[in-house]
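Undergrad: Have a peek at target_3.cif (mmCIF, C-alpha atoms).
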data_upload
#
loop_
_atom_site.group_PDB
_atom_site.id
_atom_site.type_symbol
_atom_site.label_atom_id
_atom_site.label_comp_id
_atom_site.auth_asym_id
_atom_site.auth_seq_id
_atom_site.Cartn_x
_atom_site.Cartn_y
_atom_site.Cartn_z
ATOM 1 C CA GLN T 10 70.874 96.351 125.426
ATOM 2 C CA VAL T 11 73.256 95.780 122.541
ATOM 3 C CA GLN T 12 72.661 96.727 118.938
ATOM 4 C CA LEU T 13 74.699 94.964 116.256
ATOM 5 C CA VAL T 14 75.004 96.223 112.698
ATOM 6 C CA GLU T 15 76.680 94.185 109.970
ATOM 7 C CA SER T 16 78.217 95.694 106.860
ATOM 8 C CA GLY T 17 80.545 94.764 104.038
ATOM 9 C CA GLY T 18 78.396 92.354 102.118
ATOM 10 C CA GLY T 19 77.913 92.511 98.383
ATOM 11 C CA LEU T 20 78.120 90.732 95.053
ATOM 12 C CA VAL T 21 81.510 89.294 94.123
ATOM 13 C CA GLN T 22 82.867 86.560 91.898
ATOM 14 C CA ALA T 23 84.003 83.123 92.947
ATOM 15 C CA GLY T 24 87.541 83.274 94.300
ATOM 16 C CA ASP T 25 87.210 86.852 95.541
ATOM 17 C CA SER T 26 87.380 88.061 99.119
ATOM 18 C CA LEU T 27 85.124 90.091 101.381
ATOM 19 C CA ARG T 28 85.494 91.420 104.878
ATOM 20 C CA LEU T 29 82.348 91.751 106.929
ATOM 21 C CA SER T 30 82.162 94.070 109.908
ATOM 22 C CA CYS T 31 79.865 93.945 112.906
ATOM 23 C CA ALA T 32 79.697 97.188 114.854
ATOM 24 C CA ALA T 33 78.166 97.137 118.305
ATOM 25 C CA SER T 34 76.523 99.997 120.163
ATOM 26 C CA GLY T 35 74.627 100.400 123.391
ATOM 27 C CA ARG T 36 77.344 98.861 125.543
ATOM 28 C CA THR T 37 80.726 97.256 125.165
ATOM 29 C CA ILE T 38 80.910 93.724 123.769
ATOM 30 C CA SER T 39 84.421 93.215 125.086
ATOM 31 C CA THR T 40 83.152 90.630 127.592
ATOM 32 C CA PHE T 41 80.990 88.735 125.111
ATOM 33 C CA ASN T 42 81.839 85.790 122.931
ATOM 34 C CA ILE T 43 80.857 86.609 119.356
ATOM 35 C CA GLY T 44 79.602 84.364 116.581
ATOM 36 C CA TRP T 45 78.931 84.648 112.875
ATOM 37 C CA PHE T 46 76.154 82.678 111.223
ATOM 38 C CA ARG T 47 74.717 82.538 107.728
ATOM 39 C CA GLN T 48 71.407 81.605 106.211
ATOM 40 C CA ALA T 49 70.736 80.784 102.583
ATOM 41 C CA PRO T 50 67.199 80.889 101.160
ATOM 42 C CA GLY T 51 65.179 77.880 102.276
ATOM 43 C CA LYS T 52 67.926 76.620 104.570
ATOM 44 C CA SER T 53 68.632 76.696 108.281
ATOM 45 C CA ARG T 54 70.924 79.212 109.925
ATOM 46 C CA ASP T 55 74.428 77.757 109.960
ATOM 47 C CA PHE T 56 77.377 78.503 112.206
ATOM 48 C CA VAL T 57 80.362 80.111 110.491
ATOM 49 C CA ALA T 58 82.785 81.255 113.176
ATOM 50 C CA ALA T 59 83.127 82.283 116.809
ATOM 51 C CA MET T 60 85.671 84.087 118.923
ATOM 52 C CA ASP T 61 85.999 84.411 122.667
ATOM 53 C CA TRP T 62 85.704 87.718 124.484
ATOM 54 C CA ALA T 63 89.500 88.101 124.797
ATOM 55 C CA GLY T 64 90.161 87.533 121.120
ATOM 56 C CA ILE T 65 92.311 84.493 121.826
ATOM 57 C CA ASP T 66 90.263 81.416 120.993
ATOM 58 C CA THR T 67 88.430 80.861 117.737
ATOM 59 C CA TYR T 68 86.181 78.134 116.391
ATOM 60 C CA VAL T 69 85.585 77.655 112.694
ATOM 61 C CA PRO T 70 83.759 74.689 111.136
ATOM 62 C CA ASP T 71 85.408 72.526 108.509
ATOM 63 C CA SER T 72 83.156 73.979 105.816
ATOM 64 C CA VAL T 73 84.997 77.305 105.940
ATOM 65 C CA LYS T 74 88.238 76.424 107.709
ATOM 66 C CA GLY T 75 91.243 77.869 105.938
ATOM 67 C CA ARG T 76 89.088 80.416 104.107
ATOM 68 C CA PHE T 77 87.245 82.387 106.845
ATOM 69 C CA THR T 78 88.904 84.190 109.735
ATOM 70 C CA ILE T 79 87.173 85.903 112.635
ATOM 71 C CA SER T 80 88.780 88.762 114.512
ATOM 72 C CA ARG T 81 87.767 91.567 116.827
ATOM 73 C CA ASP T 82 88.853 95.010 117.931
ATOM 74 C CA ASN T 83 87.412 95.600 121.361
ATOM 75 C CA ALA T 84 88.627 99.190 121.368
ATOM 76 C CA LYS T 85 86.349 99.793 118.372
ATOM 77 C CA ASN T 86 83.596 97.518 119.684
ATOM 78 C CA THR T 87 83.708 95.747 116.333
ATOM 79 C CA VAL T 88 84.055 92.194 115.091
ATOM 80 C CA TYR T 89 85.178 91.137 111.626
ATOM 81 C CA LEU T 90 84.836 88.152 109.343
ATOM 82 C CA GLN T 91 87.452 87.895 106.622
ATOM 83 C CA MET T 92 86.254 85.610 103.838
ATOM 84 C CA ASN T 93 88.685 84.447 101.173
ATOM 85 C CA SER T 94 88.396 82.109 98.188
ATOM 86 C CA LEU T 95 84.658 82.610 98.156
ATOM 87 C CA LYS T 96 82.449 80.002 96.512
ATOM 88 C CA PRO T 97 78.903 80.232 95.139
ATOM 89 C CA GLU T 98 77.760 78.036 98.042
ATOM 90 C CA ASP T 99 78.860 80.783 100.449
ATOM 91 C CA THR T 100 75.957 82.876 99.191
ATOM 92 C CA ALA T 101 73.739 83.751 102.154
ATOM 93 C CA VAL T 102 72.714 86.444 104.573
ATOM 94 C CA TYR T 103 75.444 86.732 107.192
ATOM 95 C CA TYR T 104 74.634 87.587 110.797
ATOM 96 C CA CYS T 105 76.779 88.432 113.772
ATOM 97 C CA ALA T 106 75.621 87.581 117.262
ATOM 98 C CA ALA T 107 76.753 88.167 120.826
ATOM 99 C CA ASP T 108 76.595 85.736 123.731
ATOM 100 C CA ARG T 109 76.082 87.784 126.871
ATOM 101 C CA TYR T 110 76.664 84.929 129.302
ATOM 102 C CA TYR T 111 80.114 83.749 130.220
ATOM 103 C CA ARG T 112 80.957 80.348 128.748
ATOM 104 C CA ALA T 113 84.191 78.426 128.974
ATOM 105 C CA TYR T 114 83.610 77.203 125.431
ATOM 106 C CA LEU T 115 82.636 78.717 122.097
ATOM 107 C CA SER T 116 79.166 77.697 121.033
ATOM 108 C CA ASN T 117 78.137 76.836 117.480
ATOM 109 C CA SER T 118 74.445 76.928 118.397
ATOM 110 C CA SER T 119 72.380 79.959 117.523
ATOM 111 C CA GLU T 120 70.422 79.399 120.732
ATOM 112 C CA SER T 121 73.467 80.421 122.770
ATOM 113 C CA TYR T 122 73.493 83.932 121.350
ATOM 114 C CA ASP T 123 71.328 86.684 122.713
ATOM 115 C CA TYR T 124 71.888 89.691 120.480
ATOM 116 C CA TRP T 125 71.683 89.611 116.700
ATOM 117 C CA GLY T 126 72.278 92.001 113.862
ATOM 118 C CA GLN T 127 69.957 92.433 110.909
ATOM 119 C CA GLY T 128 72.286 90.631 108.525
ATOM 120 C CA THR T 129 74.185 91.529 105.387
ATOM 121 C CA GLN T 130 73.728 89.835 102.020
ATOM 122 C CA VAL T 131 76.692 88.085 100.459
ATOM 123 C CA THR T 132 76.272 86.833 96.904
ATOM 124 C CA ILE T 133 78.953 84.908 95.050
ATOM 125 C CA SER T 134 78.634 84.519 91.299
ATOM 126 C CA SER T 135 80.262 81.604 89.480
#
Once more with this new file: its structure as structure tokens, please.
TA:
Amino acid sequence: QVQLVESGGGLVQAGDSLRLSCAASGRTISTFNIGWFRQAPGKSRDFVAAMDWAGIDTYVPDSVKGRFTISRDNAKNTVYLQMNSLKPEDTAVYYCAADRYYRAYLSNSSESYDYWGQGTQVTISS
């Protein structure tokens, strides 16, 4: 079993940056693809970024491309999401998730991910 704990959220102003962390425990996530998702009140959970197990391939949707960067440190069993030039519409609860099955592609579907953290709130004021 894998436990994921997100941290680093908070209240910042538009244009600021935040770095979210996702620390895993229970077993290594070095063989798992990892994804970040977000959910705003009353909205569906949206894909934000994904990275393959080796830390080589990434997938970021157009909505955050150029502003969000995913990275990982397998030695620390931790994944990060660097968010720059934040906008009020980025306000949401951010979740990290791990895909325990090997895939040759990075999935943007929440159904592909098996382990989830509890989320961290990110609020951007205008």
Undergrad: Each residue of stretch 89-110 of chain T lying at most 9 Å from stretch 21-25 of chain T should get a row with its shortest atom-to-atom pair and the distance in Å to one decimal, counting only C-alpha atoms; could you produce that, ordered by chain and increasing number, as a Markdown table?
TA:
| residue | atom | partner | partner_atom | distance |
| --- | --- | --- | --- | --- |
| T:Met92 | CA | T:Asp25 | CA | 8.4 |
| T:Asn93 | CA | T:Asp25 | CA | 6.3 |
| T:Ser94 | CA | T:Gly24 | CA | 4.1 |
| T:Leu95 | CA | T:Gly24 | CA | 4.9 |
| T:Lys96 | CA | T:Ala23 | CA | 5.0 |
| T:Pro97 | CA | T:Ala23 | CA | 6.3 |
Undergrad: Name the residues captured by the PyMOL selection byres ((chain T and resi 88) around 9) when it is applied to the shown file; answer as a PyMOL selection string.
TA: chain T and resi 29-33+43+79-83+85-87+89-90+105
Undergrad: Residue by residue, what does the PyMOL selection byres ((chain T and resi 69) around 10) grab here? Present the result as a ChimeraX atom specification.
TA: /T:44-45,56-60,67-68,70-79,115,117
Undergrad: In Å, rounded to a single decimal, give me how far atom CA of T:Ser26 is from atom CA of T:Tyr124.
TA: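 Atom-to-atom, atom CA of T:Tyr124 and atom CA of T:Ser26 are spaced 26.4 Å apart.
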Undergrad: Please evaluate the PyMOL selection byres ((chain T and resi 112) around 10) against the structure above and give the resulting residues as a compact mmCIF listing (two decimals) with C-alpha atoms, in the coordinates of the input.
TA:
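Below is the file result_11.txt, written as the result:
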# COMPACT_ATOMS: atom_id res chain seq x y z
CA PHE T 41 80.99 88.74 125.11
CA ASN T 42 81.84 85.79 122.93
CA ASP T 61 86.00 84.41 122.67
CA TRP T 62 85.70 87.72 124.48
CA ASP T 108 76.60 85.74 123.73
CA ARG T 109 76.08 87.78 126.87
CA TYR T 110 76.66 84.93 129.30
CA TYR T 111 80.11 83.75 130.22
CA ALA T 113 84.19 78.43 128.97
CA TYR T 114 83.61 77.20 125.43
CA LEU T 115 82.64 78.72 122.10
CA SER T 116 79.17 77.70 121.03
CA SER T 121 73.47 80.42 122.77
Undergrad: Atom CA of T:Ile65 to atom CA of T:Asp99: how many Å, to one decimal?
TA: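 Interatomic distance here is 25.5 Å.
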Undergrad: Name the closest residue to T:Ser118 among the candidates T:Ser53, T:Ser16, T:Thr100, T:Gln91; distances are taken between atoms, counting only C-alpha atoms.
TA: T:Ser53
Undergrad: Residues of stretch 46-119 of chain T within 8 Å of stretch 125-130 of chain T: nearest atom pair and distance (Å, one decimal) for each, counting all atoms listed in the file, sorted by chain and number, as a tab-separated table?
TA:
residue	atom	partner	partner_atom	distance
T:Thr100	CA	T:Gln130	CA	7.8
T:Ala101	CA	T:Gln130	CA	6.1
T:Val102	CA	T:Gln130	CA	4.4
T:Tyr103	CA	T:Gly128	CA	5.2
T:Tyr104	CA	T:Gly128	CA	4.5
T:Cys105	CA	T:Gly126	CA	5.7
T:Ala106	CA	T:Trp125	CA	4.5
T:Ala107	CA	T:Trp125	CA	6.7
Undergrad: Put those residues in a file: C-alpha atoms, as a compact mmCIF listing (two decimals), keeping the file's coordinate frame.
TA:
# COMPACT_ATOMS: atom_id res chain seq x y z
CA THR T 100 75.96 82.88 99.19
CA ALA T 101 73.74 83.75 102.15
CA VAL T 102 72.71 86.44 104.57
CA TYR T 103 75.44 86.73 107.19
CA TYR T 104 74.63 87.59 110.80
CA CYS T 105 76.78 88.43 113.77
CA ALA T 106 75.62 87.58 117.26
CA ALA T 107 76.75 88.17 120.83
Undergrad: In Å, with one decimal, what is the gap from atom CA of T:Gln48 to atom CA of T:Ile133?
TA: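 Distance between the two atoms: 13.9 Å.
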Undergrad: Out of T:Asp123, T:Glu98, T:Thr40, T:Arg47, which residue has the shortest atom-to-atom distance to T:Gln10 when counting only C-alpha atoms?
TA: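 Result for the nearest residue to T:Gln10: T:Asp123.
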Undergrad: Nearest to T:Ser34: which of T:Leu13, T:Ala63, T:Leu20, T:Ala49 is it, counting all atoms listed in the file?
TA: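 Smallest separation from T:Ser34 among the options: T:Leu13.
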